[in-house]
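**Q** Below you will find the structure I want to go over with you.
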Amino acid sequence: MKVVALISGGKDSCYAMMECIKHGHEIVALANLMPDDGSVDELDSYMYQTVGHQIIISYAECMGLPLFRRRIKGSTRHHELGYRPTLGDEVEDMFILLSEVKRQIPSVTAVSSGAIASDYQRLRVESVCSRLGLVSLAYLWKQDQSLLLQEMIANGIVAVIVKVAAMGLDPAKHLGREITFLNSYLHKLKELYGINVCGEGGEYETLTLDCPLFINARIMLDEYQVVMHSSDSIAPVGILHPSAFHLENKADAQPLRPQDNEHKMEKLGNVFEVHGCPERREASCGPIDDVAGLIDGSKHKFRFSRTKNKSAFSMCCWLQDSCSGLQEDLVAVLGRIESQLRSFGFGWENVLYVHLYIDDMTQFSMANDTYVKFITHENCPFGVPSRSTVEMPLLRVGLGRAFVEVLVTKNQTKRVLHVQSISCWAPSCIGPYSQATLHEGILQMAGQLGLDPPTMNLCSGGPSAELEQALKNSEAVSKCFKCSISTSAIAFVIYCSKRVSSLEKHELMEKQETVLREMKISPSREGNMHKALNPIFLYVLVPDLPKRAHVEVKPILYVEDDTEATIENLSERFGLNTESYWGFKHEGWQDSCIQKCMVRGRICALILSITSETAVKICSESLPVDYDNDGQVSVSKAHMEKISKFLVYILDKAMTDNAFTWEDIMCRIYASTSQQALRCPWRKWQPCSTKHFQNLPK
């Protein structure tokens with residue numbers, strides 16, 4: 001992609017440009033925001049670094065790129081973490097600046113920034129990018145700061161300290177010093193006082209004088225003054241005001257090349273000051289018009305169900321009589337769910353998670369475009385829900401072309417992680433769905449593919465490599481909630497494409513066990529082993545996945561840390577004396593059908609699986625069991641009814657034994673569209689469609 005780089009002059013924004021180039025992008029322009037009053041060194045801003053802004057003008061010549069600058073007219077008006085366009089806010093200056101860059105250089109499709117740990121800054125850059133239809137690139141995001149600082153130095157970043165504001169940093173001693181010579185000292189301060197070695201907590205700021213991207217010249221700082229802002233005896237605050245500097249040409253400097261015609265500039269290296277407020281041409285999606293007409297009950301026969309729990313419940317919707325395309329089906333289904341939410345006094349902001357099942361994954365882009373017409377940042381002020389998307393053979397079983405299940409909560413005390421920037425941390429969620437949503441101790445993660453985060457391409461190496469990368473991506477997300485998928489996971493649902501071979505299925509299970517075991521015994525997990533859960537696993541075979549992936553991983557974690565709750569990982573027998581019904585009573589073989597993870601009084605997670613062998617045991621006493629020509633069990637309607645009753649019996653027993661009721665449970669059945677499920681030799685694997693049920697009687 002062609003990239004405009006947001007630069008402050010600091011080491012981070014310069015190294016972020018180097019990372020962009022490393023990952024195959026092209027920097028075509030620079031953008032900088034400076035104080036409205038040029039005599040001012042620093043603004044009271046959480047968003048912009050302006051110390052050393054007098055020197056930034058030289059970057060155009062040093063790099064041979066056009067530099068767009070704007071004087072900051074606004075101030076901090078929107079104080080919440082998540083940003084909404086606010087008149088007079090300093091973020092709107094960035095919007096105006098990048099709007100002009102995009103106008104003059106239409107080929108620009110991405111914006112680079114040096115954000116490392118500040119959600120405040122990242123969210124505002126992402127907001128502006130979303131409004132302008134640009135991709136945010138933040139390759140330093142969530143990187144280990146100690147390693148990052150060392151990488152910057154090793155890769156030729158020459159930067160000096162221009163502001164200090166932390167214990168152990170003295171304006172008289174450290175202003176003007178290169179970070180190369182302060183590396184060890186900064187790490188010492190980290191050990192003593194817990195500072196951020198890259199200055200992410202405002203401990204210090206830098207100004208880059210040279211780096212490999214300065215192909216024409218380096219900046220030589222001739223004179224500067226130390227300006228004290230605070231003479232506090234513990235943590236004095238001072239800044240460096242550059243008085244004089246010059247450029248020193250490099251021996252191998254490349255001549256400035258004429259710009260592309262589309263840029264309408266005479267040569268590279270020009271500086272352009274951006275004024276005024278250009279026409280706003282936002283790229284965000286608006287609502288679909290006349291949704292009510294598209295979901296007219298006389299036109300469609302809807303099927304709708306929900307669980308009875310009033311504080312947190314699951315509901316789903318599908319069309320019984322689909323005779324049109326995926327887009328119309330999805331509009332109708334999402335519209336009906338939206339209508340139902342309103343009837344309960346809720347909206348999309350109450351939704352924690354969305355399971356999106358579609359009949360044809362080749363239409364994923366169109367389905368995603370339709371989805372974002374309903375679920376937007378505007379109608380989800382507390383954060384958009386996380387989401388998993390898979391293909392299911394819906395039409396074959398009369399569920400239309402789109403089946404949507406949503407997890408809804410009455411109380412909105414949720415914490416949402418939504419990183420739209422492409423980085424080296426984890427795959428971005430550029431659309432309106434989040435990497436993870438935490439609510440009342442349960443962390444629901446979006447379905448993770450085996451994507452290489454900086455490129456957003458599926459990793460090579462086949463299904464096992466994709467699974468390993470997907471688990472690593474999930475681990476990166478979990479760390480943001482101070483937990484690990486190796487110790488806090490309750491359950492993993494692992495969707496696998498039908499293109500996965502029999503041999504690869506076995507390899508996937510081995511890879512999953514190996515990766516989680518290695519994560520669990522890593523040094524960072526020491527001391528937490530006694531808290532580790534033993535998660536349960538469900539492998540589901542599906543026709544296809546987004547991006548033609550082989551694997552999609554959906555972890556569910558328990559991360560509440562202020563509780564005395566007892567964690568149980570159970571494989572033993574349960575409820576031996578529970579009253580029998582429907583002709584069932586407890587037998588030892590039934591324990592092999594169930595995986596169970598318990599946090600007593602809070603969570604009861606169960607996975608029930610039926611194989612050919614267990615199907616025979618369930619049905620043989622009351623119904624004759626037939627076999628096909630291959631010697632496999634032939635399942636009739638009567639058999640399926642018996643098996644379904646058995647599943648309800650086992651569920652009811654497990655819930656009763658652990659003080660849960662049917663009103664507490666959210667249940668999902670994955671059922672085969674053929675007899676293949678009962679022939680499957682792996683107990684954990686089920687090729688399927690999906691159905692939702694609740695409150696079944698004894």
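As shown in the structure tokens, the chain order sets the letters A, B, ...; within each chain, residues go from 1, and ligands are also counted from 1 in the order they appear.
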Quick one: residues within 6 Å of segment 227-236 of chain A, only C-alpha atoms, excluding same-chain residues fewer than 2 positions away - as a PyMOL selection string?

**A** chain A and resi 165-167+238-239

**Q** Can those selected residues be exported to a file as an mmCIF file, in the first residue's frame so that it contains all heavy atoms?

**A**
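Final output, saved to again.cif:
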data_model
loop_
_atom_site.group_PDB
_atom_site.id
_atom_site.type_symbol
_atom_site.label_atom_id
_atom_site.label_comp_id
_atom_site.auth_asym_id
_atom_site.auth_seq_id
_atom_site.Cartn_x
_atom_site.Cartn_y
_atom_site.Cartn_z
ATOM 1 N N ALA A 165 10.610 13.934 31.997
ATOM 2 C CA ALA A 165 9.579 14.174 33.010
ATOM 3 C C ALA A 165 9.392 12.914 33.841
ATOM 4 O O ALA A 165 8.292 12.364 33.922
ATOM 5 C CB ALA A 165 8.266 14.582 32.354
ATOM 6 N N ALA A 166 10.475 12.422 34.442
ATOM 7 C CA ALA A 166 10.389 11.193 35.225
ATOM 8 C C ALA A 166 11.508 11.153 36.251
ATOM 9 O O ALA A 166 12.556 11.803 36.093
ATOM 10 C CB ALA A 166 10.474 9.971 34.303
ATOM 11 N N MET A 167 11.298 10.370 37.290
ATOM 12 C CA MET A 167 12.329 10.175 38.300
ATOM 13 C C MET A 167 13.580 9.594 37.653
ATOM 14 O O MET A 167 13.507 8.661 36.852
ATOM 15 C CB MET A 167 11.819 9.217 39.390
ATOM 16 C CG MET A 167 10.688 9.776 40.235
ATOM 17 S SD MET A 167 10.061 8.575 41.439
ATOM 18 C CE MET A 167 11.530 8.368 42.472
ATOM 19 N N GLY A 238 11.748 19.236 31.930
ATOM 20 C CA GLY A 238 12.436 20.204 31.083
ATOM 21 C C GLY A 238 12.375 19.789 29.635
ATOM 22 O O GLY A 238 12.211 18.604 29.317
ATOM 23 N N ILE A 239 12.483 20.756 28.738
ATOM 24 C CA ILE A 239 12.468 20.466 27.308
ATOM 25 C C ILE A 239 13.671 21.122 26.635
ATOM 26 O O ILE A 239 14.282 22.052 27.172
ATOM 27 C CB ILE A 239 11.169 20.955 26.632
ATOM 28 C CG1 ILE A 239 11.066 22.477 26.723
ATOM 29 C CG2 ILE A 239 9.956 20.275 27.230
ATOM 30 C CD1 ILE A 239 9.944 23.043 25.876
#

**Q** Can you list every residue in segment 369-610 of chain A that DSSP puts in alpha helix (DSSP H), as a ChimeraX atom specification?

**A** /A:369-374,463-479,485-488,502-520

**Q** To one decimal place, how far is atom CA of Pro35 of chain A from atom CA of Thr50 of chain A in Å?

**A**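 Atom CA of Pro35 of chain A sits 6.9 Å away from atom CA of Thr50 of chain A.
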
**Q** Have a look at atom CA of Gln469 of chain A and atom CA of Ser488 of chain A and let me know their distance in Å, one decimal.

**A**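 Going from atom CA of Gln469 of chain A over to atom CA of Ser488 of chain A covers 18.6 Å.
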
**Q** Can you tell me, as an MDAnalysis selection string, which residues in segment 418-465 of chain A count as strand (DSSP E or B) by DSSP?

**A** chainID A and resid 422 434 436:439 442:445 448:449 451:452 457:458

**Q** Which is closer to Ser501 of chain A than all the others in A:Tyr83, A:Glu61, A:Ser474, A:Leu541, using only C-alpha atoms?

**A**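 Nearest to Ser501 of chain A: A:Leu541.
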
**Q** Of the candidates A:Gly24, A:Glu248, A:Leu43, A:Val274, which one gets nearest to Leu98 of chain A if we count only C-alpha atoms?

**A**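 For Leu98 of chain A, the nearest of the given residues is A:Val274.
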
**Q** Which residues come within 8 Å of Leu557 of chain A, counting only C-alpha atoms, excluding same-chain residues fewer than 4 positions away, as a compact mmCIF listing (two decimals) with all heavy atoms, in the first residue's frame?

**A**
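Contents of the output file result_17.txt:
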# COMPACT_ATOMS: atom_id res chain seq x y z
N ILE A 442 -16.34 -13.48 31.82
CA ILE A 442 -16.26 -14.35 30.66
C ILE A 442 -15.71 -13.55 29.48
O ILE A 442 -16.27 -12.51 29.11
CB ILE A 442 -17.62 -14.95 30.29
CG1 ILE A 442 -18.20 -15.70 31.48
CG2 ILE A 442 -17.48 -15.88 29.09
CD1 ILE A 442 -17.36 -16.87 31.95
N LEU A 443 -14.62 -14.03 28.90
CA LEU A 443 -14.01 -13.37 27.75
C LEU A 443 -14.37 -14.15 26.50
O LEU A 443 -13.96 -15.30 26.32
CB LEU A 443 -12.50 -13.31 27.91
CG LEU A 443 -11.73 -12.58 26.81
CD1 LEU A 443 -12.09 -11.10 26.80
CD2 LEU A 443 -10.22 -12.75 26.99
N GLN A 444 -15.18 -13.53 25.65
CA GLN A 444 -15.59 -14.12 24.38
C GLN A 444 -14.69 -13.56 23.28
O GLN A 444 -14.69 -12.37 23.02
CB GLN A 444 -17.05 -13.76 24.07
CG GLN A 444 -18.05 -14.20 25.12
CD GLN A 444 -18.59 -15.58 24.86
OE1 GLN A 444 -18.23 -16.25 23.88
NE2 GLN A 444 -19.47 -16.04 25.74
N ILE A 485 -4.55 -18.06 27.21
CA ILE A 485 -5.42 -19.14 26.75
C ILE A 485 -4.96 -20.49 27.30
O ILE A 485 -5.73 -21.45 27.34
CB ILE A 485 -5.49 -19.21 25.21
CG1 ILE A 485 -4.11 -19.49 24.60
CG2 ILE A 485 -6.10 -17.95 24.63
CD1 ILE A 485 -4.16 -19.81 23.12
N SER A 488 -6.43 -19.92 31.30
CA SER A 488 -7.73 -19.34 31.62
C SER A 488 -8.85 -19.82 30.70
O SER A 488 -10.01 -19.43 30.90
CB SER A 488 -7.65 -17.81 31.54
OG SER A 488 -6.69 -17.31 32.44
N ALA A 489 -8.53 -20.61 29.69
CA ALA A 489 -9.55 -21.04 28.74
C ALA A 489 -10.52 -22.03 29.37
O ALA A 489 -10.11 -22.98 30.05
CB ALA A 489 -8.90 -21.65 27.51
N ILE A 490 -11.80 -21.79 29.14
CA ILE A 490 -12.85 -22.73 29.53
C ILE A 490 -13.07 -23.73 28.41
O ILE A 490 -13.19 -24.93 28.64
CB ILE A 490 -14.16 -21.98 29.80
CG1 ILE A 490 -13.99 -20.94 30.90
CG2 ILE A 490 -15.29 -22.95 30.12
CD1 ILE A 490 -15.12 -19.94 30.96
N ALA A 491 -13.14 -23.20 27.19
CA ALA A 491 -13.45 -24.06 26.05
C ALA A 491 -12.85 -23.48 24.78
O ALA A 491 -12.63 -22.27 24.66
CB ALA A 491 -14.96 -24.19 25.89

**Q** Within 9 Å of Gly201 of chain A, counting only C-alpha atoms, which residues qualify if same-chain residues fewer than 5 places away don't, as a PyMOL selection string?

**A** chain A and resi 117-118+195-196

**Q** Tell me which of A:Ala29, A:Val128, A:Cys380, A:Ala312 sits closest to Thr409 of chain A, counting only C-alpha atoms.

**A**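 Of A:Ala29, A:Val128, A:Cys380, A:Ala312, the one nearest Thr409 of chain A is A:Ala312, counting only C-alpha atoms.
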
**Q** Can you tell me which residues surround Gln49 of chain A at a distance of at most 8 Å, considering only C-alpha atoms, apart from same-chain residues fewer than 4 positions away, and format the answer as a list in words?

**A** Ser8, Gly10, Glu42, Leu43, Ser45 and Glu205 of chain A

**Q** To one decimal in Å, tell me the separation between atom CA of Glu338 of chain A and atom CA of Phe374 of chain A.

**A**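 A separation of 8.2 Å between them.
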
**Q** Residues at most 7 Å from segment 641-652 of chain A, counting only C-alpha atoms, excluding those fewer than 3 positions away in the same chain, as a list in words?

**A**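 Returned residues: Ala615, Ile618, Cys619, Lys637, Ala638, Met655 and Thr656 of chain A.
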
**Q** Would you list the contacts of Gly74 of chain A as a list of chain:residue names, taking every protein, DNA or RNA residue within 7 Å and counting only C-alpha atoms, but skipping same-chain residues closer than 4 positions in sequence?

**A**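 Surrounding residues, per the criterion: A:Gly88, A:Asp89, A:Glu90, A:Asp93.
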
**Q** With only C-alpha atoms as the atoms that count, which of A:Ala332, A:Val237, A:Ala426, A:Ala159 lies nearest to Met220 of chain A?

**A**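 Counting only C-alpha atoms, the residue closest to Met220 of chain A is A:Ala159.
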
**Q** Would you mind telling me which residue in A:His377, A:Lys547, A:His25, A:Arg103 lies nearest to Leu449 of chain A when using only C-alpha atoms?

**A**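 Of A:His377, A:Lys547, A:His25, A:Arg103, the one nearest Leu449 of chain A is A:Lys547, counting only C-alpha atoms.
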
**Q** From the list A:Gly462, A:Gly601, A:Pro454, A:Gly202, which residue is nearest Ser136 of chain A when using only C-alpha atoms?

**A** A:Pro454

**Q** Counting only C-alpha atoms, give me one row per residue of segment 377-465 of chain A with an atom at most 8 Å from an atom of segment 548-554 of chain A, showing the shortest contact pair and its distance in Å to one decimal, sorted by chain then residue number, as JSON lines.

**A**
{"residue": "A:Ser388", "atom": "CA", "partner": "A:Lys554", "partner_atom": "CA", "distance": 7.5}
{"residue": "A:Met445", "atom": "CA", "partner": "A:Lys554", "partner_atom": "CA", "distance": 6.1}
{"residue": "A:Ala446", "atom": "CA", "partner": "A:Lys554", "partner_atom": "CA", "distance": 6.3}
{"residue": "A:Gly447", "atom": "CA", "partner": "A:Lys554", "partner_atom": "CA", "distance": 4.6}
{"residue": "A:Gln448", "atom": "CA", "partner": "A:Val553", "partner_atom": "CA", "distance": 5.0}
{"residue": "A:Leu449", "atom": "CA", "partner": "A:Glu552", "partner_atom": "CA", "distance": 4.8}
{"residue": "A:Gly450", "atom": "CA", "partner": "A:Val551", "partner_atom": "CA", "distance": 7.1}
{"residue": "A:Leu458", "atom": "CA", "partner": "A:Ala549", "partner_atom": "CA", "distance": 7.2}
{"residue": "A:Gly462", "atom": "CA", "partner": "A:His550", "partner_atom": "CA", "distance": 7.5}
{"residue": "A:Pro463", "atom": "CA", "partner": "A:His550", "partner_atom": "CA", "distance": 5.4}
